[in-house]
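**Q** Handing you this structure, nothing more for now.
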Amino acid sequence: MNALLLPLADSKPGNQALTISLFTAVVAVTLYITWWASRQNKTTADYYAGGRSFSGAQNGLAVAGDYMSAASFLGISGQIALYGYDGFLYSIGFLVAWLVALLLVAELLRNSGRFTMADQLAFRMKQRPVRTAASTSTIVVSIFYLLAQMVGAGSLVGLLLGVKSEGLKAGVIILVGALMIVYVTIGGMKGTTWVQIVKAVLLMTGTVLITFLVLLKFDFNPSKLLGAAAVHSGKGEAFLQPGLLYGKDLTGQIDFLSLGLALVLGTAGLPHILIRFYTVPDSRSARRSVQWAIGLIGAFYLMTLALGFGAAALLDTGKGSAVAASKGNTASVLLAEVVGGGSGSVGGAILLALIAAVAFATILAVVAGLTLTSASSFAHDLYVNVIAKGKVTERDEIRVARFAAIGIGAVAIGLAIPAQKLNIAFLVALAFAVAASANLPALLFNLFWKRFNTSGAVWSIYGGLISAVVLVIFSPVVSGKPTSMITGADFSWFPLSNPGIVSIPLGFILGVVGTFVGRDTSSELRYNELSVRALTGAGAEGAAKH
Amino acid sequence: MVDEETGHERQARAYEAVHEAADFTELKRRYKNFVVPWTVAFMVWYLAYVACNNWARDFMSHKVIGHVNVALIFGLLQFVSTFLIAAVYGRFANRKLDPLASGLNAKYKRERRR
């Protein structure tokens with residue numbers, strides 16, 4: 001942990017005050033937005049779907065805000081800073097994945113659901129088993145994703161405030177958790193969406209600024225930046241070529257393919273992204289919001305190249321450096337300090353504080369979005385439709401969602417503390433693998449395969465979910481390697497660090513097998529209705545009228 | 001005549017009527033004819049990129065301009081193709097899908113009122 005403190009050794013006490021005041025400002029602004037939004041929440045449609053009144057562009061910003069998490073801002077640039085070109089795959093997979101969402105999922109889902117991912121399945125299936133399954137996988141995927149964000153918050157604040165002890169870091173994580181609970185319980189979807197929009201603007205601005213300053217140092221010549229990164233990394237041209245991180249042997253190559261598959265198929269199964277499509281009035285705005293998101297996210301990922309290679313060219317990334325000690329998670333923030341004028345300079349201090357505050361806003365916003373997603377799914381799917389069987393008032397439903405947010409927040413806090421030493425982008429990739437295995441097969445089959453039925457959905461969701469999670473538990477991520485979460489024991493037998501290549505096909509296969517084993521054909525009755533609704537928007541939930 | 005039909009039945013009948021409409025068959029056909037080939041195309045293109053990183057490293061390491069190599073250009077082309085496909089789909093959906101969909105949506109509303 002000492003390595004994390006090195007960059008602060010010569011920073012002036014005034015810099016920390018600046019950092020803390022910017023942090024406080026971010027928190028204050030977002031809390032104000034949340035409070036403001038809460039005064040307009042009246043119905044469940046307001047709480048879960050922001051009244052379905054956001055425009056395509058607004059929601060596009062919010063989608064981008066939800067998607068450009070700490071994994072993108074801190075994780076990807078960190079991977080590039082440490083491993084060069086191989087870190088770039090994340091950017092590409094994360095972006096191409098949006099085509100699956102745009103072409104196959106976004107509009108159809110907008111037309112056929114109400115609040116949660118499960119709504120769309122429950123349309124023609126048996127409510128209770130399907131909602132229970134979809135809600136379980138929503139919560140599991142969200143918790144994986146939450147973990148990654150909390151780890152980001154831990155390393156970020158650890159770096160900035162020079163927090164030494166694990167106890168204080170845990171304190172930071174608890175604080176982030178408490179804040180997100182406030183956002184979600186008070187602001188609901190409308191508050192969370194506005195927080196995402198503000199955060200997306202802040203993040204884009206901050207990234208453009210750092211990219212500009214990095215390129216300025218290299219005369220706006222990308223080749224010069226790449227050359228400097230290659231030399232300074234100590235790895236030479238190999239730093240710009242595939243192979244430093246992935247694919248050293250056949251197992252590694254298959255692992256890389258597995259990661260690539262999980263990234264491209266995960267997005268369209270991420271519950272917190274899917275429910276964003278319910279915040280717009282119709283499918284046309286859902287399409288517009290995905291197009292906006294693709295533009296923003298694409299531009300952002302292009303800039304992560306400058307951030308990552310810039311960090312490699314300008315920072316110490318060798319063994320024992322602060323960047324390496326944080327698994328790359330702190331590269332962007334330290335880079336901001338260097339391009340601002342270096343450690344000890346006023347410019348450096350301001351930029352460091354600014355970018356750290358942006359990163360903190362990013363984490364808060366994404367964490368709020370994820371918590372809202374899982375709380376909504378718990379309240380709307382499990383509590384209302386499974387436990388209380390529909391006999392609940394809207395007020396009670398929202399109250400349950402608020403309690404669920406507190407519970408899920410607590411679980412995420414508890415799990416985030418031991419996961420501190422993993423790279424954020426890597427953790428998120430696991431969430432993508434689980435989403436692609438458990439959610440995507442059921443969503444696609446439900447929309448495009450008439451014969452698909454309740455047991456098919458249940459088999460594919462639980463099958464994909466359990467296989468993905470079990471394979472992670474018995475992979476080198478959890479045990480058996482010096483870099484594993486548990487170092488004392490070795491119970492790994494699955495060689496790949498990403499389970500996608502096994503669990504995604506399994507999710508699809510189990511969907512087919514379950515359908516034929518279940519035999520039930522009652523789900524075919526409403527398929528025509530579902531397809532009419534999905535493709536034309538007939539009878540879809542409209543914007544709330546106030 | 002007294003209308004004995006419940007709201008739910010009327011709704012189901014309206015959906016059925018839209019489903020039987022020739023325009024709906026056409027909408028489904030247009031959607032599938034666009035989405036299936038493009039999805040296959042971008043998945044193959046993306047997996048080709050992933051595979052080249054694994055199994056065509058000499059090709060990927062070939063320098064093109066300065067320190068910019070094939071691997072980087074291939075990666076950037078994935079960005080270009082994603083932007084292009086998103087734009088092409090948007091145009092297609094606005095021109096070829098939306099008019100049919102809104103016509104059918106209106107038909108659904110008429111049927112429900114009947």
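Simple scheme: letters A, B, ... for chains in structure tokens order, numbers from 1 for residues in each chain, numbers from 1 for ligands in the order shown.
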Please provide the set of residues having any atom within 8 Å of Leu370 in chain A, restricted to only C-alpha atoms, with same-chain residues fewer than 5 positions apart removed, written as a list in words.

**A**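 Counting only C-alpha atoms, the residues come to Ser142, Ile143, Tyr145, Leu146 and His272 of chain A.
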
**Q** Could you save those same residues with C-alpha atoms as a PDB file, in the first residue's frame?

**A**
ATOM      1  CA  SER A 142     -25.618  -5.637 -10.723  1.00  0.00           C
ATOM      2  CA  ILE A 143     -23.681  -6.728  -7.665  1.00  0.00           C
ATOM      3  CA  TYR A 145     -20.789  -4.497 -11.530  1.00  0.00           C
ATOM      4  CA  LEU A 146     -21.188  -2.634  -8.253  1.00  0.00           C
ATOM      5  CA  HIS A 272     -29.069  -1.279 -15.679  1.00  0.00           C
TER       6      HIS A 272
END

**Q** Name all residues at most 12 Å from Gln253 in chain A (count only C-alpha atoms; drop same-chain ones fewer than 2 positions away) and give them as a list in words.

**A**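 Near Gln253 in chain A, the qualifying residues are Pro242, Gly243, Leu244, Leu245, Tyr246, Gly247, Lys248, Asp249, Leu250, Thr251, Asp255, Phe256, Leu257, Ser258, Leu259, Gly260, Pro495, Leu496, Ser497, Asn498 and Ile501 of chain A; Val50, Ala51, Cys52, Asn53, Asn54, Trp55, Ala56 and Arg57 of chain B.
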
**Q** For the interface of chain A with chain B (cut-off 9 Å, counting only C-alpha atoms), please tabulate each contacting residue of chain A alongside its nearest pair of atoms and their separation in Å to one decimal, rows sorted by chain and increasing number, as CSV.

**A**
residue,atom,partner,partner_atom,distance
A:Tyr85,CA,B:Leu72,CA,7.7
A:Asp86,CA,B:Asn53,CA,8.7
A:Phe88,CA,B:Gly75,CA,8.0
A:Leu89,CA,B:Gly75,CA,8.0
A:Ile92,CA,B:Gln78,CA,6.8
A:Gly93,CA,B:Tyr46,CA,8.2
A:Leu95,CA,B:Phe79,CA,7.4
A:Val96,CA,B:Thr82,CA,5.9
A:Trp98,CA,B:Thr82,CA,8.2
A:Leu99,CA,B:Ala86,CA,6.8
A:Val100,CA,B:Thr39,CA,7.3
A:Leu102,CA,B:Ala86,CA,7.5
A:Leu103,CA,B:Val35,CA,6.2
A:Leu104,CA,B:Val35,CA,7.4
A:Pro222,CA,B:Val68,CA,8.1
A:Ser223,CA,B:His67,CA,5.0
A:Lys224,CA,B:His67,CA,7.4
A:Leu225,CA,B:His67,CA,8.8
A:Leu226,CA,B:His67,CA,6.2
A:Gly227,CA,B:His67,CA,5.9
A:Glu237,CA,B:His67,CA,8.1
A:Ala238,CA,B:Ser61,CA,8.4
A:Leu240,CA,B:Asn69,CA,7.8
A:Gln241,CA,B:Ser61,CA,5.5
A:Pro242,CA,B:Asn53,CA,5.7
A:Gly243,CA,B:Asn53,CA,7.5
A:Tyr246,CA,B:Asn54,CA,8.1
A:Gly247,CA,B:Asn54,CA,6.0
A:Lys248,CA,B:Asn54,CA,8.8
A:Gly252,CA,B:Asn54,CA,8.9
A:Gln253,CA,B:Asn54,CA,5.8
A:Ile254,CA,B:Asn54,CA,8.6
A:Phe256,CA,B:Asn54,CA,7.7
A:Leu257,CA,B:Val50,CA,6.5
A:Gly260,CA,B:Val50,CA,6.7
A:Leu261,CA,B:Leu47,CA,8.1
A:Val264,CA,B:Met43,CA,8.5
A:Arg284,CA,B:Asp98,CA,7.9
A:Arg287,CA,B:Gly90,CA,7.3
A:Arg288,CA,B:Gly90,CA,7.9
A:Val290,CA,B:Ala86,CA,8.6
A:Gln291,CA,B:Ala86,CA,6.3
A:Ile294,CA,B:Phe83,CA,7.1
A:Gly295,CA,B:Phe83,CA,7.0
A:Gly298,CA,B:Phe79,CA,6.7
A:Leu302,CA,B:Leu76,CA,8.3
A:Arg526,CA,B:Ala12,CA,8.7
A:Asn528,CA,B:His19,CA,6.5
A:Glu529,CA,B:Tyr15,CA,5.4
A:Leu530,CA,B:Tyr15,CA,8.8
A:Ser531,CA,B:His19,CA,8.3
A:Val532,CA,B:His19,CA,6.1
A:Arg533,CA,B:Tyr15,CA,7.9
A:Leu535,CA,B:Ala101,CA,6.9
A:Thr536,CA,B:Ala101,CA,4.4
A:Gly537,CA,B:Asn105,CA,6.5
A:Ala538,CA,B:Asn105,CA,4.8
A:Gly539,CA,B:Tyr108,CA,7.9

**Q** If you measure from CA of Ala412 in chain A to CA of Phe277 in chain A, what distance in Å do you get, rounded to one decimal?

**A**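 Value for the CA of Ala412 in chain A-CA of Phe277 in chain A distance: 24.9 Å.
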
**Q** Using only C-alpha atoms, which residues sit within 9 Å of Asp316 in chain A once same-chain residues fewer than 6 positions away are excluded, as a PyMOL selection string?

**A** chain A and resi 232-233+322-324

**Q** Mind writing the picked residues with N, CA and C atoms as a PDB file, in the first residue's frame?

**A**
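As a result, part05.pdb now contains:
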ATOM      1  N   HIS A 232       9.220   4.374 -23.263  1.00  0.00           N
ATOM      2  CA  HIS A 232       9.149   4.617 -21.827  1.00  0.00           C
ATOM      3  C   HIS A 232       8.629   3.407 -21.051  1.00  0.00           C
ATOM      4  N   SER A 233       7.813   2.597 -21.709  1.00  0.00           N
ATOM      5  CA  SER A 233       7.290   1.409 -21.018  1.00  0.00           C
ATOM      6  C   SER A 233       8.396   0.384 -20.792  1.00  0.00           C
ATOM      7  N   ALA A 322       3.374   3.494  -8.492  1.00  0.00           N
ATOM      8  CA  ALA A 322       2.017   3.675  -7.980  1.00  0.00           C
ATOM      9  C   ALA A 322       0.995   3.106  -8.959  1.00  0.00           C
ATOM     10  N   VAL A 323       1.242   3.306 -10.266  1.00  0.00           N
ATOM     11  CA  VAL A 323       0.293   2.823 -11.276  1.00  0.00           C
ATOM     12  C   VAL A 323       0.198   1.302 -11.231  1.00  0.00           C
ATOM     13  N   ALA A 324       1.356   0.651 -11.192  1.00  0.00           N
ATOM     14  CA  ALA A 324       1.362  -0.814 -11.176  1.00  0.00           C
ATOM     15  C   ALA A 324       0.721  -1.340  -9.892  1.00  0.00           C
TER      16      ALA A 324
END

**Q** Write out as an MDAnalysis selection string the residues lying within 12 Å of Gly341 in chain A, counting only C-alpha atoms and excluding same-chain residues fewer than 4 positions away.

**A** chainID A and resid 210 213:214 217 314 334:337 345:352

**Q** I need the residues from that last selection saved to file as a PDB file, in the first residue's frame (with C-alpha atoms), if you can.

**A**
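Listing of result.pdb after writing:
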ATOM      1  CA  ILE A 210      -6.563  15.550 -20.549  1.00  0.00           C
ATOM      2  CA  LEU A 213      -2.970  18.184 -22.937  1.00  0.00           C
ATOM      3  CA  VAL A 214      -1.422  14.785 -23.660  1.00  0.00           C
ATOM      4  CA  LYS A 217       2.989  17.266 -25.346  1.00  0.00           C
ATOM      5  CA  LEU A 314       4.713  10.058 -19.091  1.00  0.00           C
ATOM      6  CA  LEU A 334      -1.911  10.593 -11.993  1.00  0.00           C
ATOM      7  CA  LEU A 335      -1.651  11.459 -15.690  1.00  0.00           C
ATOM      8  CA  ALA A 336      -3.852  14.497 -15.057  1.00  0.00           C
ATOM      9  CA  GLU A 337      -1.380  15.685 -12.452  1.00  0.00           C
ATOM     10  CA  SER A 345       2.751  22.512  -9.255  1.00  0.00           C
ATOM     11  CA  VAL A 346      -0.517  24.421  -8.912  1.00  0.00           C
ATOM     12  CA  GLY A 347      -1.743  23.271 -12.340  1.00  0.00           C
ATOM     13  CA  GLY A 348      -0.959  19.680 -11.474  1.00  0.00           C
ATOM     14  CA  ALA A 349      -2.799  19.919  -8.184  1.00  0.00           C
ATOM     15  CA  ILE A 350      -5.878  21.470  -9.764  1.00  0.00           C
ATOM     16  CA  LEU A 351      -6.080  18.923 -12.579  1.00  0.00           C
ATOM     17  CA  LEU A 352      -5.483  16.032 -10.231  1.00  0.00           C
TER      18      LEU A 352
END

**Q** Can you pull out the residues contacting Leu447 in chain A? Cut-off 10 Å, using only C-alpha atoms, and skip same-chain residues under 5 positions away; I want them as a compact mmCIF listing (two decimals) with C-alpha atoms, in the first residue's frame.

**A**
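Output contents, as saved in result.txt:
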# COMPACT_ATOMS: atom_id res chain seq x y z
CA LEU A 104 -31.82 -6.48 -31.62
CA VAL A 105 -32.87 -5.27 -28.20
CA LEU A 108 -38.25 -4.01 -28.98
CA LEU A 109 -37.68 -3.99 -25.26
CA SER A 112 -42.82 -4.56 -24.75
CA GLN A 120 -40.66 -8.44 -21.15
CA LEU A 121 -40.38 -12.14 -20.33
CA ALA A 442 -33.68 -15.43 -22.70
CA PHE A 452 -39.80 -20.47 -26.33
CA TYR A 527 -46.36 -14.41 -28.98
CA LEU A 530 -45.71 -9.60 -28.13
CA SER A 531 -44.27 -9.34 -31.61
CA ALA A 534 -42.43 -5.01 -29.88
CA LEU A 535 -42.25 -4.04 -33.55

**Q** Wanna dump the range 50-164 of chain A-range 30-42 of chain A contacts at 12 Å for me, each residue with its shortest atom pair and the distance in Å to one decimal, counting only C-alpha atoms, ordered by chain and number, as JSON lines?

**A**
{"residue": "A:Gly50", "atom": "CA", "partner": "A:Asn41", "partner_atom": "CA", "distance": 7.9}
{"residue": "A:Gly51", "atom": "CA", "partner": "A:Asn41", "partner_atom": "CA", "distance": 8.2}
{"residue": "A:Arg52", "atom": "CA", "partner": "A:Asn41", "partner_atom": "CA", "distance": 11.9}
